[in-house]
Amino acid sequence: MKSITLDASHVPSDRGRILLTFWRPVGACRSAVLLVPPFAEEMNKSRRMFALLGQALAARGAACVLPDLFGTGDSEGEFVEADWDGWQQDLGAASKWCAQHLATIEGLVALRLGAALAADASEADLLPPLQRVVLWQPVFDCDRHLTQFLRMRTAASLTQDGRGETVEQLRRRLHEGGTVEVAGYEVGSDLARALAGRHPQRELPAGWRGVHWMEIQRTADAPLPAPSQKIIEMSRAGGRVVESWATTGEPFWASTEIATSRPMVERCVEALAS
Amino acid sequence: MTRVKTILRDTLSLGARADQLTRDSALLGGLAEFDSLAVVSVVTMLEDELGITVSDDELSADVFATVGSLVDFVDSKLAQ
């Protein structure tokens with residue numbers, strides 16, 4: 001096992017400078033893996049998982065890069081200024097910087113909404129062809145993801161009869177150019193419109209050579225959710241190599257206490273090395 | 001109904017009590033665990049597993065009155 005270091009760099013991107021955190025072996029990097037974060041608070045809850053993954057990959061000689069997307073974390077910009085195209089550019093900027101300073105990105109791990117973002121960035125040729133892509137609990141239905149996020153704010157009024165705000169009202173406000181604050185995140189109109197209007201996912205990108213679709217389930221041996229199965233089947237029909245894998249445990253991107261899934265980290269490291 | 005019961009069991013951590021749920025079992029106002037956060041968790045899980053989206057208009061106290069009313073709601077969404 002190699003010695004590893006953790007470092008970070010501010011890197012110019014389309015909307016402003018973004019912070020890249022990276023784990024790397026001391027000495028030469030055999031290859032590099034790009035991590036693509038989930039949406040808003042899910043990223044905060046997932047930092048530990050990404051750290052475990054970064055350490056494990058670096059110990060095996062691969063650099064692992066985690067960008068704070070524009071308007072999030074320690075990157076420039078406010079969350080309300082973020083937009084979907086800008087975030088794709090951020091992945092491109094991270095990939096370019098990585099090729100110059102560490103190694104060419106050959107692998108990618110995307111968590112939750114990061115899967116949709118990575119797919120769009122690949123389709124826009126902002127990322128190189130990827131030998132291995134690992135999707136953790138991938139979200140491709142961005143419209144539903146937005147609804148679920150907004151519902152965090154309207155939750156309390158759901159069970160009242162004279163109800164307060166509805167998700168529909170909040171979505172209308174966003175559509176008309178307004179902003180909506182949910183759990184400390186001010187969602188801007190451009191981002192909301194992009195999420196609401198994103199095309200339904202069909203096959204996974206052609207540039208993704210080998211895909212590992214991984215989900216955490218409530219019960220062992222349960223089938224993957226219907227939407228996941230549909231995309232996997234369409235992708236296989238289109239000639240993509242997609243392996244699916246499931247484990248049981250806490251949905252770490254959502255749990256109140258910080259949770260991790262070591263089996264998921266280990267399986268991911270194996271998949272990237274395969 | 002089985003799928004709804006397992007979702008209720010897992011989101012509300014009911015354990016073996018979930019096996020005793022019938023169509024007539026009360027949820028909202030009946031089960032102590034069934035608060036607004038539970039509603040959000042159950043709806044999210046149904047959406048993610050079944051690939052449906054539920055609007056606030058569709059979510060009334062009636063839908064969550066009993067296990068049976070929730071099952072009927074889910075069936076109607078799947079039939080759409």
# chains A, B, ... in the order shown; residues from 1 in each chain; ligands from 1
>>> residues_around(residues="segment 55-72 of chain B", least_positions_apart="4", cutoff="8 Å", atoms="only C-alpha atoms", output="count of residues only")
20
>>> select_by_dssp(residues="segment 143-260 of chain A", states="strand (DSSP E)", output="list of chain:residue names")
A:Val180, A:Glu181, A:Val182, A:Tyr185, A:Glu186, A:Val187, A:Trp208, A:Arg209, A:Gly210, A:Val211, A:His212, A:Trp213, A:Met214, A:Glu215, A:Ile216, A:Gln217, A:Val241, A:Val242, A:Glu243, A:Ser244, A:Trp245, A:Ala246, A:Thr247, A:Thr248
>>> closest_atom_pairs(of="chain B", to="chain A", cutoff="10 Å", atoms="only C-alpha atoms", output="tab-separated table")
residue	atom	partner	partner_atom	distance
B:Thr6	CA	A:Arg218	CA	9.0
B:Ile7	CA	A:Arg218	CA	8.6
B:Asp10	CA	A:Arg218	CA	7.0
B:Thr11	CA	A:Arg218	CA	9.3
B:Leu28	CA	A:Thr159	CA	8.3
B:Asp35	CA	A:Thr159	CA	7.9
B:Ser36	CA	A:Ala156	CA	5.5
B:Leu37	CA	A:Ala155	CA	6.5
B:Ala38	CA	A:Ala155	CA	9.3
B:Val39	CA	A:Leu158	CA	7.8
B:Val40	CA	A:Ala155	CA	6.3
B:Ser41	CA	A:Gln148	CA	9.7
B:Val43	CA	A:Gln148	CA	9.0
B:Thr44	CA	A:Gln148	CA	6.8
B:Met45	CA	A:Pro225	CA	9.8
B:Leu46	CA	A:Pro225	CA	9.7
B:Glu47	CA	A:Arg144	CA	8.2
B:Asp48	CA	A:Pro225	CA	6.8
B:Glu49	CA	A:Pro225	CA	4.4
B:Leu50	CA	A:Ala226	CA	5.7
B:Gly51	CA	A:Pro227	CA	5.3
B:Ile52	CA	A:Arg144	CA	8.4
B:Thr53	CA	A:Arg144	CA	6.2
B:Val54	CA	A:Thr147	CA	8.8
B:Ser55	CA	A:Val167	CA	7.3
B:Asp56	CA	A:Thr166	CA	6.0
B:Asp57	CA	A:Thr166	CA	8.1
B:Leu59	CA	A:Leu158	CA	7.0
B:Ser60	CA	A:Thr159	CA	6.8
B:Ala61	CA	A:Thr159	CA	5.8
B:Asp62	CA	A:Thr159	CA	9.6
B:Phe64	CA	A:Thr159	CA	8.8
>>> residues_around(residues="Pro129 of chain A", least_positions_apart="6", cutoff="8 Å", atoms="only C-alpha atoms", output="number ranges by chain")
A: 106, 122, 207-209
>>> select_by_dssp(residues="segment 69-188 of chain A", states="alpha helix (DSSP H)", output="PyMOL selection string")
chain A and resi 84-101+114-123+142-158+167-175
>>> closest_residue(among="A:Val65, A:Ile4, A:Val187, A:Met43", to="Ile258 of chain A", atoms="only C-alpha atoms")
A:Met43
>>> residues_around(residues="Ile232 of chain A", least_positions_apart="5", cutoff="9 Å", atoms="only C-alpha atoms", output="PyMOL selection string")
chain A and resi 202-204+213+227+237+240+242-244
>>> write_last_selection(atoms="all heavy atoms", output="PDB file, in the first residue's frame")
ATOM      1  N   ARG A 202     -32.259   7.943 -21.095  1.00  0.00           N
ATOM      2  CA  ARG A 202     -32.441   6.682 -21.792  1.00  0.00           C
ATOM      3  C   ARG A 202     -31.196   5.842 -21.549  1.00  0.00           C
ATOM      4  O   ARG A 202     -30.889   5.505 -20.427  1.00  0.00           O
ATOM      5  CB  ARG A 202     -32.751   6.947 -23.265  1.00  0.00           C
ATOM      6  CG  ARG A 202     -34.066   7.721 -23.455  1.00  0.00           C
ATOM      7  CD  ARG A 202     -34.525   7.772 -24.895  1.00  0.00           C
ATOM      8  NE  ARG A 202     -34.480   6.454 -25.519  1.00  0.00           N
ATOM      9  CZ  ARG A 202     -35.417   5.525 -25.356  1.00  0.00           C
ATOM     10  NH1 ARG A 202     -36.455   5.752 -24.597  1.00  0.00           N
ATOM     11  NH2 ARG A 202     -35.307   4.349 -25.965  1.00  0.00           N
ATOM     12  N   GLU A 203     -30.442   5.540 -22.594  1.00  0.00           N
ATOM     13  CA  GLU A 203     -29.222   4.753 -22.367  1.00  0.00           C
ATOM     14  C   GLU A 203     -28.192   5.616 -21.658  1.00  0.00           C
ATOM     15  O   GLU A 203     -28.186   6.830 -21.794  1.00  0.00           O
ATOM     16  CB  GLU A 203     -28.582   4.370 -23.695  1.00  0.00           C
ATOM     17  CG  GLU A 203     -29.432   3.521 -24.566  1.00  0.00           C
ATOM     18  CD  GLU A 203     -28.772   3.384 -25.931  1.00  0.00           C
ATOM     19  OE1 GLU A 203     -27.547   3.601 -26.050  1.00  0.00           O
ATOM     20  OE2 GLU A 203     -29.510   3.081 -26.876  1.00  0.00           O
ATOM     21  N   LEU A 204     -27.287   4.958 -20.980  1.00  0.00           N
ATOM     22  CA  LEU A 204     -26.158   5.668 -20.401  1.00  0.00           C
ATOM     23  C   LEU A 204     -25.212   6.073 -21.534  1.00  0.00           C
ATOM     24  O   LEU A 204     -25.238   5.487 -22.616  1.00  0.00           O
ATOM     25  CB  LEU A 204     -25.460   4.761 -19.383  1.00  0.00           C
ATOM     26  CG  LEU A 204     -26.352   4.400 -18.191  1.00  0.00           C
ATOM     27  CD1 LEU A 204     -25.679   3.354 -17.310  1.00  0.00           C
ATOM     28  CD2 LEU A 204     -26.708   5.631 -17.377  1.00  0.00           C
ATOM     29  N   TRP A 213     -23.475  -0.183 -11.486  1.00  0.00           N
ATOM     30  CA  TRP A 213     -24.615   0.504 -10.894  1.00  0.00           C
ATOM     31  C   TRP A 213     -24.820  -0.078  -9.504  1.00  0.00           C
ATOM     32  O   TRP A 213     -25.161  -1.246  -9.355  1.00  0.00           O
ATOM     33  CB  TRP A 213     -25.840   0.258 -11.771  1.00  0.00           C
ATOM     34  CG  TRP A 213     -27.078   0.986 -11.411  1.00  0.00           C
ATOM     35  CD1 TRP A 213     -27.794   0.902 -10.263  1.00  0.00           C
ATOM     36  CD2 TRP A 213     -27.793   1.906 -12.262  1.00  0.00           C
ATOM     37  NE1 TRP A 213     -28.900   1.705 -10.325  1.00  0.00           N
ATOM     38  CE2 TRP A 213     -28.927   2.327 -11.532  1.00  0.00           C
ATOM     39  CE3 TRP A 213     -27.584   2.400 -13.543  1.00  0.00           C
ATOM     40  CZ2 TRP A 213     -29.841   3.239 -12.056  1.00  0.00           C
ATOM     41  CZ3 TRP A 213     -28.502   3.283 -14.074  1.00  0.00           C
ATOM     42  CH2 TRP A 213     -29.620   3.704 -13.327  1.00  0.00           C
ATOM     43  N   PRO A 227     -37.328   2.336 -12.006  1.00  0.00           N
ATOM     44  CA  PRO A 227     -36.645   3.288 -12.895  1.00  0.00           C
ATOM     45  C   PRO A 227     -35.187   2.900 -13.158  1.00  0.00           C
ATOM     46  O   PRO A 227     -34.676   3.115 -14.265  1.00  0.00           O
ATOM     47  CB  PRO A 227     -36.712   4.610 -12.125  1.00  0.00           C
ATOM     48  CG  PRO A 227     -37.773   4.443 -11.112  1.00  0.00           C
ATOM     49  CD  PRO A 227     -37.861   2.994 -10.794  1.00  0.00           C
ATOM     50  N   ALA A 237     -29.376  -3.009 -23.897  1.00  0.00           N
ATOM     51  CA  ALA A 237     -29.907  -3.205 -25.248  1.00  0.00           C
ATOM     52  C   ALA A 237     -29.126  -2.376 -26.258  1.00  0.00           C
ATOM     53  O   ALA A 237     -29.004  -2.748 -27.434  1.00  0.00           O
ATOM     54  CB  ALA A 237     -31.386  -2.832 -25.286  1.00  0.00           C
ATOM     55  N   ARG A 240     -24.260  -1.244 -24.017  1.00  0.00           N
ATOM     56  CA  ARG A 240     -23.421  -0.852 -22.870  1.00  0.00           C
ATOM     57  C   ARG A 240     -23.211  -2.042 -21.950  1.00  0.00           C
ATOM     58  O   ARG A 240     -24.096  -2.883 -21.810  1.00  0.00           O
ATOM     59  CB  ARG A 240     -24.080   0.249 -22.026  1.00  0.00           C
ATOM     60  CG  ARG A 240     -24.526   1.435 -22.761  1.00  0.00           C
ATOM     61  CD  ARG A 240     -23.401   2.391 -23.080  1.00  0.00           C
ATOM     62  NE  ARG A 240     -23.950   3.406 -23.953  1.00  0.00           N
ATOM     63  CZ  ARG A 240     -24.145   3.218 -25.259  1.00  0.00           C
ATOM     64  NH1 ARG A 240     -23.764   2.105 -25.843  1.00  0.00           N
ATOM     65  NH2 ARG A 240     -24.699   4.164 -25.983  1.00  0.00           N
ATOM     66  N   VAL A 242     -23.193  -2.999 -18.309  1.00  0.00           N
ATOM     67  CA  VAL A 242     -23.642  -2.471 -17.014  1.00  0.00           C
ATOM     68  C   VAL A 242     -23.781  -3.627 -16.040  1.00  0.00           C
ATOM     69  O   VAL A 242     -24.514  -4.572 -16.292  1.00  0.00           O
ATOM     70  CB  VAL A 242     -25.020  -1.766 -17.123  1.00  0.00           C
ATOM     71  CG1 VAL A 242     -25.393  -1.150 -15.776  1.00  0.00           C
ATOM     72  CG2 VAL A 242     -25.024  -0.705 -18.222  1.00  0.00           C
ATOM     73  N   GLU A 243     -23.054  -3.518 -14.932  1.00  0.00           N
ATOM     74  CA  GLU A 243     -23.223  -4.509 -13.868  1.00  0.00           C
ATOM     75  C   GLU A 243     -23.971  -3.855 -12.736  1.00  0.00           C
ATOM     76  O   GLU A 243     -23.696  -2.710 -12.380  1.00  0.00           O
ATOM     77  CB  GLU A 243     -21.868  -4.960 -13.348  1.00  0.00           C
ATOM     78  CG  GLU A 243     -21.184  -5.963 -14.245  1.00  0.00           C
ATOM     79  CD  GLU A 243     -19.971  -6.574 -13.550  1.00  0.00           C
ATOM     80  OE1 GLU A 243     -20.021  -6.849 -12.336  1.00  0.00           O
ATOM     81  OE2 GLU A 243     -18.963  -6.745 -14.268  1.00  0.00           O
ATOM     82  N   SER A 244     -24.912  -4.579 -12.160  1.00  0.00           N
ATOM     83  CA  SER A 244     -25.616  -3.987 -11.024  1.00  0.00           C
ATOM     84  C   SER A 244     -25.228  -4.735  -9.751  1.00  0.00           C
ATOM     85  O   SER A 244     -24.861  -5.907  -9.780  1.00  0.00           O
ATOM     86  CB  SER A 244     -27.119  -4.032 -11.251  1.00  0.00           C
ATOM     87  OG  SER A 244     -27.561  -5.368 -11.308  1.00  0.00           O
TER      88      SER A 244
END
>>> atom_distance(atom1="atom CA of Cys98 of chain A", atom2="atom CA of Glu215 of chain A")
27.7 Å
>>> residues_around(residues="segment 172-174 of chain A", least_positions_apart="4", cutoff="12 Å", atoms="only C-alpha atoms", output="JSON, numbers by chain")
{"A": [80, 146, 147, 150, 165, 166, 167, 168, 178, 179, 180, 181, 186, 187, 188, 189, 190, 191, 192, 193, 194, 195, 196]}
>>> atom_distance(atom1="atom CA of Trp84 of chain A", atom2="atom CA of Asp120 of chain A")
9.3 Å
>>> decode(residues="segment 54-191 of chain A", atoms="C-alpha atoms", output="mmCIF file, in the first residue's frame")
data_model
loop_
_atom_site.group_PDB
_atom_site.id
_atom_site.type_symbol
_atom_site.label_atom_id
_atom_site.label_comp_id
_atom_site.auth_asym_id
_atom_site.auth_seq_id
_atom_site.Cartn_x
_atom_site.Cartn_y
_atom_site.Cartn_z
ATOM 1 C CA GLY A 54 -10.377 8.691 -1.904
ATOM 2 C CA GLN A 55 -8.033 7.188 0.665
ATOM 3 C CA ALA A 56 -8.578 3.655 -0.616
ATOM 4 C CA LEU A 57 -7.996 4.644 -4.246
ATOM 5 C CA ALA A 58 -4.898 6.686 -3.477
ATOM 6 C CA ALA A 59 -3.457 3.781 -1.486
ATOM 7 C CA ARG A 60 -3.724 1.743 -4.706
ATOM 8 C CA GLY A 61 -1.971 4.346 -6.824
ATOM 9 C CA ALA A 62 -4.922 6.232 -8.268
ATOM 10 C CA ALA A 63 -5.507 9.947 -7.698
ATOM 11 C CA CYS A 64 -9.049 10.774 -6.658
ATOM 12 C CA VAL A 65 -10.491 14.262 -7.244
ATOM 13 C CA LEU A 66 -13.585 15.706 -5.569
ATOM 14 C CA PRO A 67 -14.772 19.088 -6.858
ATOM 15 C CA ASP A 68 -16.878 21.479 -4.819
ATOM 16 C CA LEU A 69 -19.212 22.593 -7.571
ATOM 17 C CA PHE A 70 -19.655 26.344 -8.084
ATOM 18 C CA GLY A 71 -21.730 27.831 -5.298
ATOM 19 C CA THR A 72 -21.125 24.897 -2.957
ATOM 20 C CA GLY A 73 -18.539 24.036 -0.342
ATOM 21 C CA ASP A 74 -15.405 26.148 -0.543
ATOM 22 C CA SER A 75 -15.791 27.114 -4.170
ATOM 23 C CA GLU A 76 -16.622 30.632 -5.305
ATOM 24 C CA GLY A 77 -20.166 31.754 -5.861
ATOM 25 C CA GLU A 78 -23.402 31.444 -3.963
ATOM 26 C CA PHE A 79 -25.674 28.444 -4.280
ATOM 27 C CA VAL A 80 -28.389 30.658 -5.745
ATOM 28 C CA GLU A 81 -26.056 31.583 -8.635
ATOM 29 C CA ALA A 82 -25.352 27.973 -9.585
ATOM 30 C CA ASP A 83 -26.704 26.433 -12.736
ATOM 31 C CA TRP A 84 -26.604 23.041 -14.412
ATOM 32 C CA ASP A 85 -24.428 24.031 -17.371
ATOM 33 C CA GLY A 86 -21.939 25.720 -15.052
ATOM 34 C CA TRP A 87 -21.714 22.575 -12.981
ATOM 35 C CA GLN A 88 -20.988 20.483 -16.048
ATOM 36 C CA GLN A 89 -18.228 22.950 -16.911
ATOM 37 C CA ASP A 90 -16.878 22.448 -13.383
ATOM 38 C CA LEU A 91 -16.527 18.723 -14.041
ATOM 39 C CA GLY A 92 -14.708 19.573 -17.271
ATOM 40 C CA ALA A 93 -12.391 21.978 -15.463
ATOM 41 C CA ALA A 94 -11.650 19.360 -12.796
ATOM 42 C CA SER A 95 -10.911 16.792 -15.474
ATOM 43 C CA LYS A 96 -8.532 19.119 -17.343
ATOM 44 C CA TRP A 97 -6.704 20.154 -14.190
ATOM 45 C CA CYS A 98 -6.388 16.531 -13.171
ATOM 46 C CA ALA A 99 -4.893 15.550 -16.535
ATOM 47 C CA GLN A 100 -2.329 18.339 -16.207
ATOM 48 C CA HIS A 101 -1.326 17.789 -12.574
ATOM 49 C CA LEU A 102 -2.141 14.208 -11.612
ATOM 50 C CA ALA A 103 -3.215 11.852 -14.379
ATOM 51 C CA THR A 104 -5.903 11.559 -17.024
ATOM 52 C CA ILE A 105 -9.313 10.766 -15.607
ATOM 53 C CA GLU A 106 -10.201 7.192 -16.570
ATOM 54 C CA GLY A 107 -12.689 6.404 -13.853
ATOM 55 C CA LEU A 108 -15.628 8.232 -12.355
ATOM 56 C CA VAL A 109 -17.804 7.739 -9.289
ATOM 57 C CA ALA A 110 -21.052 9.673 -9.202
ATOM 58 C CA LEU A 111 -23.399 9.789 -6.226
ATOM 59 C CA ARG A 112 -27.146 10.411 -6.566
ATOM 60 C CA LEU A 113 -27.833 13.504 -8.738
ATOM 61 C CA GLY A 114 -24.154 13.500 -9.642
ATOM 62 C CA ALA A 115 -24.990 10.641 -12.003
ATOM 63 C CA ALA A 116 -27.228 12.859 -14.146
ATOM 64 C CA LEU A 117 -24.670 15.657 -14.039
ATOM 65 C CA ALA A 118 -21.858 13.332 -15.080
ATOM 66 C CA ALA A 119 -23.960 11.848 -17.891
ATOM 67 C CA ASP A 120 -24.712 15.306 -19.272
ATOM 68 C CA ALA A 121 -21.072 16.369 -18.961
ATOM 69 C CA SER A 122 -19.978 13.245 -20.841
ATOM 70 C CA GLU A 123 -22.560 13.799 -23.565
ATOM 71 C CA ALA A 124 -21.292 17.390 -23.876
ATOM 72 C CA ASP A 125 -17.747 16.033 -24.361
ATOM 73 C CA LEU A 126 -16.543 17.800 -21.250
ATOM 74 C CA LEU A 127 -15.122 14.544 -19.922
ATOM 75 C CA PRO A 128 -12.770 12.069 -21.634
ATOM 76 C CA PRO A 129 -14.005 8.553 -22.478
ATOM 77 C CA LEU A 130 -14.264 6.672 -19.189
ATOM 78 C CA GLN A 131 -13.063 3.112 -18.709
ATOM 79 C CA ARG A 132 -14.998 2.582 -15.516
ATOM 80 C CA VAL A 133 -17.984 4.439 -14.159
ATOM 81 C CA VAL A 134 -19.460 3.651 -10.769
ATOM 82 C CA LEU A 135 -22.888 5.046 -10.002
ATOM 83 C CA TRP A 136 -23.905 5.148 -6.356
ATOM 84 C CA GLN A 137 -27.693 5.242 -5.950
ATOM 85 C CA PRO A 138 -27.950 7.139 -9.224
ATOM 86 C CA VAL A 139 -30.635 9.750 -9.736
ATOM 87 C CA PHE A 140 -31.558 10.557 -13.335
ATOM 88 C CA ASP A 141 -35.058 11.905 -12.802
ATOM 89 C CA CYS A 142 -33.998 15.441 -11.964
ATOM 90 C CA ASP A 143 -37.551 16.765 -11.970
ATOM 91 C CA ARG A 144 -38.564 14.333 -9.242
ATOM 92 C CA HIS A 145 -35.363 15.106 -7.347
ATOM 93 C CA LEU A 146 -36.325 18.793 -7.348
ATOM 94 C CA THR A 147 -39.825 17.974 -6.124
ATOM 95 C CA GLN A 148 -38.432 15.839 -3.300
ATOM 96 C CA PHE A 149 -36.017 18.612 -2.334
ATOM 97 C CA LEU A 150 -38.775 21.235 -2.244
ATOM 98 C CA ARG A 151 -40.978 18.846 -0.302
ATOM 99 C CA MET A 152 -38.490 19.100 2.583
ATOM 100 C CA ARG A 153 -39.797 22.620 3.028
ATOM 101 C CA THR A 154 -43.493 21.866 2.599
ATOM 102 C CA ALA A 155 -43.400 18.682 4.692
ATOM 103 C CA ALA A 156 -45.015 20.144 7.751
ATOM 104 C CA SER A 157 -48.058 21.343 5.838
ATOM 105 C CA LEU A 158 -48.648 18.031 4.045
ATOM 106 C CA THR A 159 -50.739 16.584 6.791
ATOM 107 C CA GLN A 160 -52.728 19.684 7.615
ATOM 108 C CA ASP A 161 -56.082 20.291 6.065
ATOM 109 C CA GLY A 162 -55.870 24.068 5.637
ATOM 110 C CA ARG A 163 -52.514 23.625 4.074
ATOM 111 C CA GLY A 164 -49.767 26.177 3.660
ATOM 112 C CA GLU A 165 -47.310 26.083 0.815
ATOM 113 C CA THR A 166 -47.328 23.375 -1.775
ATOM 114 C CA VAL A 167 -44.518 22.078 -3.921
ATOM 115 C CA GLU A 168 -46.478 23.277 -6.952
ATOM 116 C CA GLN A 169 -46.470 26.849 -5.641
ATOM 117 C CA LEU A 170 -42.744 26.732 -5.001
ATOM 118 C CA ARG A 171 -42.068 25.296 -8.458
ATOM 119 C CA ARG A 172 -44.181 28.010 -10.046
ATOM 120 C CA ARG A 173 -42.199 30.651 -8.174
ATOM 121 C CA LEU A 174 -38.962 29.147 -9.435
ATOM 122 C CA HIS A 175 -40.283 28.864 -12.971
ATOM 123 C CA GLU A 176 -41.240 32.535 -12.939
ATOM 124 C CA GLY A 177 -37.733 33.621 -11.959
ATOM 125 C CA GLY A 178 -37.934 33.596 -8.175
ATOM 126 C CA THR A 179 -35.822 31.714 -5.665
ATOM 127 C CA VAL A 180 -36.817 29.271 -2.945
ATOM 128 C CA GLU A 181 -34.919 28.522 0.226
ATOM 129 C CA VAL A 182 -34.941 24.957 1.498
ATOM 130 C CA ALA A 183 -33.007 23.814 4.547
ATOM 131 C CA GLY A 184 -30.510 26.643 4.183
ATOM 132 C CA TYR A 185 -30.025 26.258 0.417
ATOM 133 C CA GLU A 186 -31.384 29.030 -1.770
ATOM 134 C CA VAL A 187 -32.377 27.396 -5.051
ATOM 135 C CA GLY A 188 -32.134 29.683 -8.054
ATOM 136 C CA SER A 189 -34.494 29.784 -11.003
ATOM 137 C CA ASP A 190 -31.993 28.705 -13.670
ATOM 138 C CA LEU A 191 -30.949 25.613 -11.762
#
